[in-house]
Each structure stands twice: as structure tokens, then as C-alpha cells.
>>> print(open('final-v6.cif').read())   # mmCIF, C-alpha atoms and all ligand atoms
data_start
loop_
_atom_site.label_atom_id
_atom_site.label_comp_id
_atom_site.auth_asym_id
_atom_site.auth_seq_id
_atom_site.Cartn_x
_atom_site.Cartn_y
_atom_site.Cartn_z
CA MET A 9 -30.39 -325.86 -101.98
CA LEU A 10 -32.20 -323.98 -104.77
CA ALA A 11 -33.45 -325.98 -107.70
CA ALA A 12 -35.37 -325.06 -110.81
CA ALA A 13 -36.70 -328.01 -112.77
CA LYS A 14 -38.10 -327.80 -116.30
CA VAL A 15 -39.16 -324.19 -115.85
CA ASN A 16 -40.97 -322.44 -118.69
CA GLN A 17 -42.03 -318.81 -118.85
CA PHE A 18 -43.84 -316.64 -121.39
CA TYR A 19 -44.26 -312.90 -121.87
CA GLY A 20 -47.66 -312.97 -123.55
CA GLY A 21 -47.17 -315.20 -126.58
CA SER A 22 -43.40 -315.01 -126.47
CA HIS A 23 -41.74 -318.11 -125.01
CA THR A 24 -38.83 -316.72 -122.95
CA LEU A 25 -37.59 -319.62 -120.78
CA TRP A 26 -37.49 -323.19 -122.12
CA ASP A 27 -37.31 -326.18 -119.76
CA ILE A 28 -34.74 -324.55 -117.51
CA ASP A 29 -32.92 -326.78 -115.03
CA LEU A 30 -30.72 -324.96 -112.54
CA ASP A 31 -29.14 -326.23 -109.35
CA VAL A 32 -27.53 -324.02 -106.76
CA PRO A 33 -25.88 -326.24 -104.14
CA LYS A 34 -25.65 -325.11 -100.53
CA GLY A 35 -22.46 -323.15 -99.98
CA GLY A 36 -21.96 -322.69 -103.71
CA CYS A 37 -21.50 -319.58 -105.80
CA VAL A 38 -23.16 -320.06 -109.18
CA CYS A 39 -22.78 -317.57 -112.00
CA LEU A 40 -25.63 -317.37 -114.51
CA MET A 41 -24.19 -316.11 -117.78
CA GLY A 42 -25.36 -315.21 -121.25
CA ARG A 43 -25.66 -312.36 -123.71
CA ASN A 44 -28.15 -309.50 -123.38
CA GLY A 45 -31.78 -310.53 -123.64
CA VAL A 46 -31.33 -314.31 -123.26
CA GLY A 47 -33.53 -314.49 -120.15
CA LYS A 48 -31.20 -314.19 -117.14
CA THR A 49 -33.23 -311.55 -115.30
CA THR A 50 -36.46 -313.31 -116.24
CA LEU A 51 -35.20 -316.52 -114.63
CA LEU A 52 -34.23 -314.70 -111.42
CA LYS A 53 -37.67 -313.04 -111.30
CA VAL A 54 -39.36 -316.41 -111.75
CA ILE A 55 -37.22 -317.78 -108.91
CA MET A 56 -38.28 -314.82 -106.74
CA GLY A 57 -41.96 -315.16 -107.67
CA LEU A 58 -42.02 -311.74 -109.33
CA LEU A 59 -43.09 -313.45 -112.54
CA PRO A 60 -45.31 -316.53 -112.76
CA THR A 61 -43.97 -319.97 -113.66
CA ALA A 62 -45.91 -321.34 -116.64
CA SER A 63 -44.73 -324.87 -115.92
CA GLY A 64 -41.98 -326.56 -113.96
CA LYS A 65 -40.98 -326.40 -110.34
CA ILE A 66 -38.90 -324.17 -108.07
CA SER A 67 -37.78 -325.57 -104.74
CA PHE A 68 -35.61 -324.30 -101.92
CA GLY A 69 -34.32 -327.07 -99.67
CA ASP A 70 -37.44 -329.05 -98.75
CA ILE A 71 -39.77 -326.15 -99.50
CA GLU A 72 -41.64 -326.05 -102.78
CA LEU A 73 -41.81 -322.41 -103.88
CA THR A 74 -43.66 -322.65 -107.19
CA GLY A 75 -46.66 -320.33 -106.85
CA ALA A 76 -45.52 -318.82 -103.52
CA ALA A 77 -45.60 -315.03 -103.11
CA PRO A 78 -42.31 -313.11 -103.24
CA GLU A 79 -42.60 -312.29 -99.50
CA ALA A 80 -42.83 -315.98 -98.70
CA ARG A 81 -39.65 -316.63 -100.66
CA ALA A 82 -37.87 -313.82 -98.80
CA ARG A 83 -39.09 -315.28 -95.49
CA ALA A 84 -37.83 -318.70 -96.54
CA GLY A 85 -34.33 -317.16 -96.67
CA ILE A 86 -33.77 -315.85 -100.17
CA GLY A 87 -32.37 -312.33 -100.57
CA TYR A 88 -32.62 -310.60 -103.93
CA VAL A 89 -30.80 -307.60 -105.36
CA PRO A 90 -32.44 -306.65 -108.67
CA GLN A 91 -30.65 -305.44 -111.77
CA GLY A 92 -30.41 -301.65 -111.55
CA ARG A 93 -30.40 -301.89 -107.73
CA GLU A 94 -33.79 -300.24 -107.05
CA ILE A 95 -32.90 -298.58 -103.78
CA PHE A 96 -35.26 -295.91 -102.45
CA PRO A 97 -33.66 -292.61 -103.54
CA PHE A 98 -35.63 -290.36 -101.16
CA LEU A 99 -35.03 -292.48 -98.07
CA THR A 100 -31.79 -292.28 -96.12
CA VAL A 101 -29.23 -295.05 -96.25
CA GLU A 102 -30.32 -296.07 -92.76
CA GLU A 103 -33.99 -296.21 -93.75
CA ASN A 104 -33.14 -298.22 -96.86
CA LEU A 105 -31.25 -300.72 -94.70
CA LEU A 106 -34.15 -301.06 -92.26
CA ILE A 107 -36.82 -301.65 -94.90
CA GLY A 108 -38.12 -305.15 -94.46
CA ARG A 109 -36.88 -305.57 -90.90
CA GLY A 110 -39.41 -305.64 -88.06
CA ARG A 111 -41.16 -302.50 -86.90
CA LYS A 112 -40.17 -302.56 -83.27
CA GLY A 113 -37.56 -303.59 -80.75
CA THR A 114 -34.21 -305.07 -81.65
CA HIS A 115 -35.14 -305.58 -85.30
CA ARG A 116 -35.04 -301.82 -85.79
CA GLU A 117 -31.26 -301.98 -85.73
CA ILE A 118 -28.95 -302.42 -88.67
CA PRO A 119 -27.00 -305.65 -88.15
CA GLU A 120 -23.35 -304.86 -87.36
CA ARG A 121 -22.30 -307.39 -90.00
CA VAL A 122 -23.78 -305.25 -92.79
CA LEU A 123 -21.80 -302.19 -91.71
CA THR A 124 -18.64 -304.29 -91.34
CA LEU A 125 -19.03 -305.62 -94.86
CA PHE A 126 -19.78 -302.15 -96.25
CA PRO A 127 -17.95 -299.56 -94.13
CA VAL A 128 -18.85 -296.85 -96.65
CA LEU A 129 -22.52 -297.20 -95.67
CA LYS A 130 -21.68 -296.52 -92.02
CA GLU A 131 -20.31 -293.11 -92.94
CA MET A 132 -23.39 -292.30 -94.99
CA LEU A 133 -26.30 -293.45 -92.83
CA ARG A 134 -28.03 -290.05 -92.90
CA ARG A 135 -27.51 -289.37 -96.61
CA ARG A 136 -30.30 -289.97 -99.07
CA GLY A 137 -29.95 -293.10 -101.18
CA GLY A 138 -30.26 -291.07 -104.37
CA ASP A 139 -27.18 -289.01 -103.43
CA LEU A 140 -24.90 -292.06 -103.44
CA SER A 141 -22.71 -293.07 -106.37
CA GLY A 142 -23.73 -296.11 -108.45
CA GLY A 143 -21.22 -298.31 -106.64
CA GLN A 144 -22.41 -297.13 -103.24
CA GLN A 145 -26.02 -297.75 -104.26
CA GLN A 146 -25.11 -301.29 -105.25
CA GLN A 147 -23.50 -301.82 -101.85
CA LEU A 148 -26.62 -300.35 -100.23
CA ALA A 149 -28.86 -302.73 -102.19
CA MET A 150 -26.69 -305.68 -101.13
CA GLY A 151 -26.66 -304.44 -97.54
CA ARG A 152 -30.44 -304.15 -97.56
CA ALA A 153 -30.78 -307.76 -98.73
CA LEU A 154 -28.20 -308.97 -96.19
CA ALA A 155 -29.95 -307.15 -93.34
CA LEU A 156 -32.59 -309.88 -93.57
CA ASP A 157 -29.90 -312.53 -93.06
CA PRO A 158 -30.63 -314.65 -96.14
CA GLN A 159 -29.23 -318.15 -96.64
CA LEU A 160 -29.24 -317.60 -100.38
CA LEU A 161 -28.34 -314.25 -101.94
CA ILE A 162 -29.36 -313.60 -105.55
CA LEU A 163 -27.58 -310.76 -107.35
CA ASP A 164 -28.49 -309.52 -110.82
CA GLU A 165 -25.44 -307.91 -112.46
CA PRO A 166 -23.98 -306.36 -109.29
CA THR A 167 -21.08 -304.79 -111.19
CA GLU A 168 -23.02 -303.25 -114.08
CA GLY A 169 -22.00 -299.63 -114.66
CA ILE A 170 -19.72 -299.44 -111.63
CA GLN A 171 -16.19 -298.10 -111.48
CA PRO A 172 -13.42 -300.75 -111.30
CA ASN A 173 -12.25 -300.17 -107.72
CA VAL A 174 -15.78 -300.68 -106.38
CA VAL A 175 -16.23 -303.72 -108.63
CA HIS A 176 -13.21 -305.21 -106.89
CA GLU A 177 -14.62 -304.40 -103.43
CA ILE A 178 -17.96 -305.99 -104.31
CA GLY A 179 -16.10 -309.10 -105.47
CA GLU A 180 -14.25 -309.28 -102.15
CA VAL A 181 -17.55 -309.02 -100.25
CA ILE A 182 -19.13 -311.84 -102.28
CA ILE A 183 -16.09 -314.08 -101.72
CA ARG A 184 -16.28 -313.34 -98.00
CA LEU A 185 -20.01 -314.08 -97.85
CA VAL A 186 -19.49 -317.43 -99.55
CA ASP A 187 -16.66 -318.20 -97.09
CA GLU A 188 -19.08 -317.40 -94.26
CA GLY A 189 -21.58 -319.92 -95.62
CA VAL A 190 -23.97 -317.76 -97.64
CA THR A 191 -24.97 -319.42 -100.91
CA VAL A 192 -24.83 -317.07 -103.90
CA LEU A 193 -26.48 -317.05 -107.31
CA LEU A 194 -25.42 -314.16 -109.48
CA VAL A 195 -25.82 -312.93 -113.01
CA GLU A 196 -22.57 -311.50 -114.29
CA GLN A 197 -21.31 -310.53 -117.72
CA LYS A 198 -17.74 -309.63 -116.73
CA LEU A 199 -15.85 -312.82 -117.44
CA ALA A 200 -12.80 -312.09 -115.27
CA PHE A 201 -15.06 -311.23 -112.35
CA ALA A 202 -17.11 -314.41 -112.81
CA ARG A 203 -13.95 -316.53 -112.96
CA ARG A 204 -12.63 -314.88 -109.80
CA ILE A 205 -15.65 -315.37 -107.58
CA ALA A 206 -17.86 -318.17 -108.95
CA ARG A 207 -17.41 -321.87 -108.26
CA SER A 208 -19.71 -322.98 -111.03
CA PHE A 209 -21.52 -321.52 -114.03
CA CYS A 210 -24.64 -321.94 -116.09
CA ILE A 211 -24.98 -320.37 -119.56
CA LEU A 212 -28.30 -319.38 -121.08
CA ASP A 213 -28.72 -318.78 -124.79
CA ARG A 214 -32.11 -317.72 -126.18
CA GLY A 215 -33.92 -318.94 -123.10
CA LYS A 216 -32.26 -322.35 -122.88
CA VAL A 217 -29.48 -323.75 -120.72
CA VAL A 218 -26.67 -324.53 -123.17
CA ALA A 219 -23.68 -325.17 -120.90
CA GLY A 220 -22.71 -325.47 -117.26
CA GLY A 221 -20.26 -326.99 -114.81
CA GLU A 222 -17.38 -326.09 -112.53
CA ILE A 223 -16.02 -322.64 -113.34
CA ALA A 224 -12.69 -324.21 -114.40
CA GLU A 225 -14.61 -326.03 -117.12
CA LEU A 226 -15.72 -322.80 -118.81
CA THR A 227 -13.84 -323.00 -122.09
CA ASP A 228 -12.86 -320.31 -124.59
CA GLU A 229 -15.05 -322.10 -127.10
CA MET A 230 -18.13 -321.71 -124.85
CA VAL A 231 -17.23 -318.06 -124.33
CA ARG A 232 -16.93 -317.50 -128.06
CA ARG A 233 -20.14 -319.32 -128.89
CA HIS A 234 -22.42 -318.06 -126.16
CA LEU A 235 -20.95 -315.01 -124.49
CA THR A 236 -18.99 -312.72 -126.79
CA VAL A 237 -20.88 -310.31 -128.98
N1 LIG A 301 -41.75 -307.24 -119.21
C1 LIG A 301 -41.44 -307.80 -120.40
N2 LIG A 301 -42.39 -307.99 -121.35
C2 LIG A 301 -42.09 -308.57 -122.52
N3 LIG A 301 -40.86 -309.02 -122.85
C3 LIG A 301 -39.89 -308.87 -121.96
C4 LIG A 301 -40.12 -308.25 -120.67
N4 LIG A 301 -38.94 -308.24 -119.99
C5 LIG A 301 -38.04 -308.81 -120.80
N5 LIG A 301 -38.59 -309.18 -121.98
C6 LIG A 301 -37.90 -309.88 -123.08
O1 LIG A 301 -37.54 -311.17 -122.63
C7 LIG A 301 -36.23 -311.51 -123.07
C8 LIG A 301 -35.34 -311.81 -121.87
O2 LIG A 301 -35.15 -310.62 -121.11
P1 LIG A 301 -34.27 -310.58 -119.79
O3 LIG A 301 -34.42 -309.22 -119.22
O4 LIG A 301 -34.62 -311.74 -118.93
O5 LIG A 301 -32.81 -310.78 -120.39
P2 LIG A 301 -31.38 -310.68 -119.68
O6 LIG A 301 -30.65 -311.91 -120.08
O7 LIG A 301 -31.52 -310.37 -118.26
O8 LIG A 301 -30.72 -309.43 -120.46
P3 LIG A 301 -29.68 -308.30 -119.95
O9 LIG A 301 -28.34 -308.93 -120.02
O10 LIG A 301 -29.83 -307.22 -120.97
O11 LIG A 301 -30.09 -307.87 -118.58
C9 LIG A 301 -35.75 -310.35 -123.92
O12 LIG A 301 -36.02 -310.66 -125.25
C10 LIG A 301 -36.60 -309.19 -123.45
O13 LIG A 301 -36.79 -308.27 -124.49
MG MG A 302 -30.92 -308.81 -117.10
#
>>> encode(input="final-v6.cif", output="C-alpha cells", more="lines below")
Ligand SMILES: Nc1ncnc2c1ncn2[C@@H]1O[C@H](COP(=O)(O)OP(=O)(O)OP(=O)(O)O)[C@@H](O)[C@H]1O
Ligand SMILES: [Mg+2]
Amino acid sequence: MLAAAKVNQFYGGSHTLWDIDLDVPKGGCVCLMGRNGVGKTTLLKVIMGLLPTASGKISFGDIELTGAAPEARARAGIGYVPQGREIFPFLTVEENLLIGRGRKGTHREIPERVLTLFPVLKEMLRRRGGDLSGGQQQQLAMGRALALDPQLLILDEPTEGIQPNVVHEIGEVIIRLVDEGVTVLLVEQKLAFARRIARSFCILDRGKVVAGGEIAELTDEMVRRHLTV
């Protein structure tokens, strides 16, 4: 469904992504892994068009996305939840959830599905985003992306800095979304979490893909070499 082929990216003179190949099959849940600073967020931003692609190709189904604006990628059906969540702290939960939906008529409603997946948001619709806990803000950011009904949901470290019970809830939601047919690409550093929810993995090390496969094929040796600090 989503494919990156031979993607390279630079920050100024610094070569950050090297010939990246990544395949996210329809219905899959792929976990992008790797230590801090190896290029995981950079790759997601290139996929979303938030950073330019120096060379290589990004495609989504039959659509070639290389060079397309971020809005076009969102319209094509890709939802993105950035690292650090980036909700609007001074807008209410309801306003955050409606950002990006149409300005009039039926689109000005929050889809019931979002409130079913995240009941906590339903109780907090009038609260300001900035008043929510980190875990609630993460759920809000996911809800905001899901309100646009994406076919592919991209999540950058959804469990970072969140208390364990909410981490578990977020895992349950991702599993449920995949069961319902949403394709997921996520960056995750918590190994147990990745093993629980992902079907396949891809490891980056210093900007290169160094391992990948079914999640059951993720060995202790790969973890030791590429993931532990
Ligand atoms: N805007 C930027 N300008 C220049 N260099 C950057 C920029 N953003 C990131 N980098 C560098 O590019 C490399 C990859 O960063 P990136 O944020 O993609 O890593 P990451 O794998 O997501 O790390 P983390 O696990 O800490 O989120 C790092 O060396 C980082 O310092
Ligand atoms: Mg990152």
C-alpha cells in the first residue's frame, strides 16, 4: 500500500537517509525501530511530504506521492500523528477533533467511531487540549487523525512519556484499528509494545535499513546490535 523506494534525504550537507526501501502492505501493522537519532522521524516526515525527498520514490497504492504537498497526502488517505503529539493547547478537545474536517454541514461533527475508540475524549470535549494529561493528548492526536478516516495511519512514538495504563489502552486501540482494516505504520522504541501490536518490523541504523521481516523474526541478536543502548 505504502512504498518507499531508494529514498535519500539530507539536512544541509548531512546525509540522513540512505537508499531507504520500506513496504507497508495493506492491512499490515509495521513497526519502524531504531535507536535515537537514526532517522525514524525524518523518514516519516519525508513520507508525509513535510521534508523533501532528495532522490527515490514514495508511492501510495497507485498514486505517486514524491513531490506532493502534505495536504495532498492527507487527502489521499494518510493520517499522521507526529512525535510529541502537537495538539492545539488553546483549542478545546472538540475543536482539535474538528480541525481538518469540512467547514459546514455534516462534516462539522465528530465521527462517533472516534469517541467510541477514545471514550475519555467524549467526557472532555469542552476542555482545552493543553489541560489534558500526556496520555489524553496522545489519544486526542490519534482521534484528530482518525476523524479524517485515513486508510493508513502513521504514528511517531505514540507511547513516549505516557503512563503504563494509557500505553496499554493505546495498544488496544491500534490492535482494534488494524482488525477493522486500517493499515498502520508506527515508530516505537518499547520492544514489548512493538511485539504485542506489530505484524512486521523494519530497523534503521544510522539512516540505513539494516533488518526487517515478520515480527516473530526479530531476534535478540538484532535487538542487541541495533536497538539496545
Ligand atoms: N531539522 C533538522 N536539521 C538538522 N538535522 C536534523 C534535523 N532534525 C533531525 N536532525 C538530525 O537527523 C538525524 C535523524 O533525526 P530523527 O529525528 O529522524 O531521528 P529519530 O530516529 O526520530 O530519533 P528519536 O528516536 O530521538 O526520535 C539526527 O542525527 C538528528 O540530529
Ligand atoms: Mg523521532
>>> residues_near_ligand(input="final-v6.cif", ligand="ligand LIG 301 (chain A)", cutoff="9 Å", atoms="all atoms listed in the file", output="JSON, numbers by chain")
{"A": [18, 19, 20, 22, 23, 24, 25, 41, 42, 43, 44, 45, 46, 47, 48, 49, 50, 51, 52, 53, 91, 164, 165, 195, 196, 197, 212, 213, 214, 215]}
>>> atom_distance(input="final-v6.cif", atom1="atom CA of A:Phe201", atom2="atom CA of A:Gly179")
7.3 Å
>>> residues_around(input="final-v6.cif", residues="A:Phe209", least_positions_apart="2", cutoff="6 Å", atoms="only C-alpha atoms", output="JSON, numbers by chain")
{"A": [38, 39, 40, 220, 221, 223]}
>>> residues_around(input="final-v6.cif", residues="A:Pro97", least_positions_apart="5", cutoff="10 Å", atoms="only C-alpha atoms", output="ChimeraX atom specification")
/A:104,135-140,145
>>> residues_around(input="final-v6.cif", residues="A:Leu58", least_positions_apart="3", cutoff="8 Å", atoms="all atoms listed in the file", output="PyMOL selection string")
chain A and resi 53-55+77-78
>>> atom_distance(input="final-v6.cif", atom1="atom CA of A:Val217", atom2="atom CA of A:Lys34")
20.6 Å
>>> closest_residue(input="final-v6.cif", among="A:Glu222, A:Glu168, A:Glu229, A:Glu79", to="ligand MG 302 (chain A)", atoms="all atoms listed in the file")
A:Glu168
>>> decode(input="final-v6.cif", residues="stretch 9-25 of chain A", atoms="N, CA and C atoms", output="compact mmCIF listing (two decimals), in the first residue's frame")
# COMPACT_ATOMS: atom_id res chain seq x y z
N MET A 9 0.82 -1.21 0.00
CA MET A 9 0.00 0.00 0.00
C MET A 9 0.86 1.27 0.00
N LEU A 10 1.76 1.37 1.00
CA LEU A 10 2.73 2.47 1.01
C LEU A 10 4.09 1.88 0.67
N ALA A 11 4.80 2.53 -0.22
CA ALA A 11 6.14 2.04 -0.54
C ALA A 11 7.10 3.19 -0.68
N ALA A 12 8.24 3.05 -0.03
CA ALA A 12 9.36 3.97 -0.24
C ALA A 12 10.41 3.16 -0.97
N ALA A 13 10.98 3.75 -2.02
CA ALA A 13 11.99 3.04 -2.80
C ALA A 13 13.22 3.91 -2.97
N LYS A 14 14.33 3.42 -2.46
CA LYS A 14 15.64 4.10 -2.62
C LYS A 14 15.59 5.58 -2.23
N VAL A 15 14.98 5.85 -1.08
CA VAL A 15 14.81 7.23 -0.65
C VAL A 15 16.06 7.76 0.06
N ASN A 16 16.50 8.93 -0.37
CA ASN A 16 17.62 9.62 0.27
C ASN A 16 17.15 10.99 0.75
N GLN A 17 17.73 11.42 1.86
CA GLN A 17 17.37 12.73 2.41
C GLN A 17 18.59 13.34 3.08
N PHE A 18 18.68 14.65 2.98
CA PHE A 18 19.81 15.40 3.58
C PHE A 18 19.28 16.54 4.43
N TYR A 19 19.94 16.81 5.56
CA TYR A 19 19.75 18.07 6.26
C TYR A 19 20.99 18.89 5.91
N GLY A 20 20.85 19.86 5.03
CA GLY A 20 22.03 20.58 4.56
C GLY A 20 23.00 19.59 3.95
N GLY A 21 24.24 19.56 4.46
CA GLY A 21 25.23 18.65 3.91
C GLY A 21 25.24 17.30 4.61
N SER A 22 24.33 17.11 5.55
CA SER A 22 24.38 15.87 6.32
C SER A 22 23.41 14.84 5.75
N HIS A 23 23.96 13.73 5.28
CA HIS A 23 23.17 12.68 4.63
C HIS A 23 22.45 11.86 5.70
N THR A 24 21.14 12.01 5.81
CA THR A 24 20.39 11.42 6.94
C THR A 24 19.72 10.08 6.58
N LEU A 25 19.15 9.97 5.39
CA LEU A 25 18.54 8.71 4.97
C LEU A 25 19.26 8.20 3.72
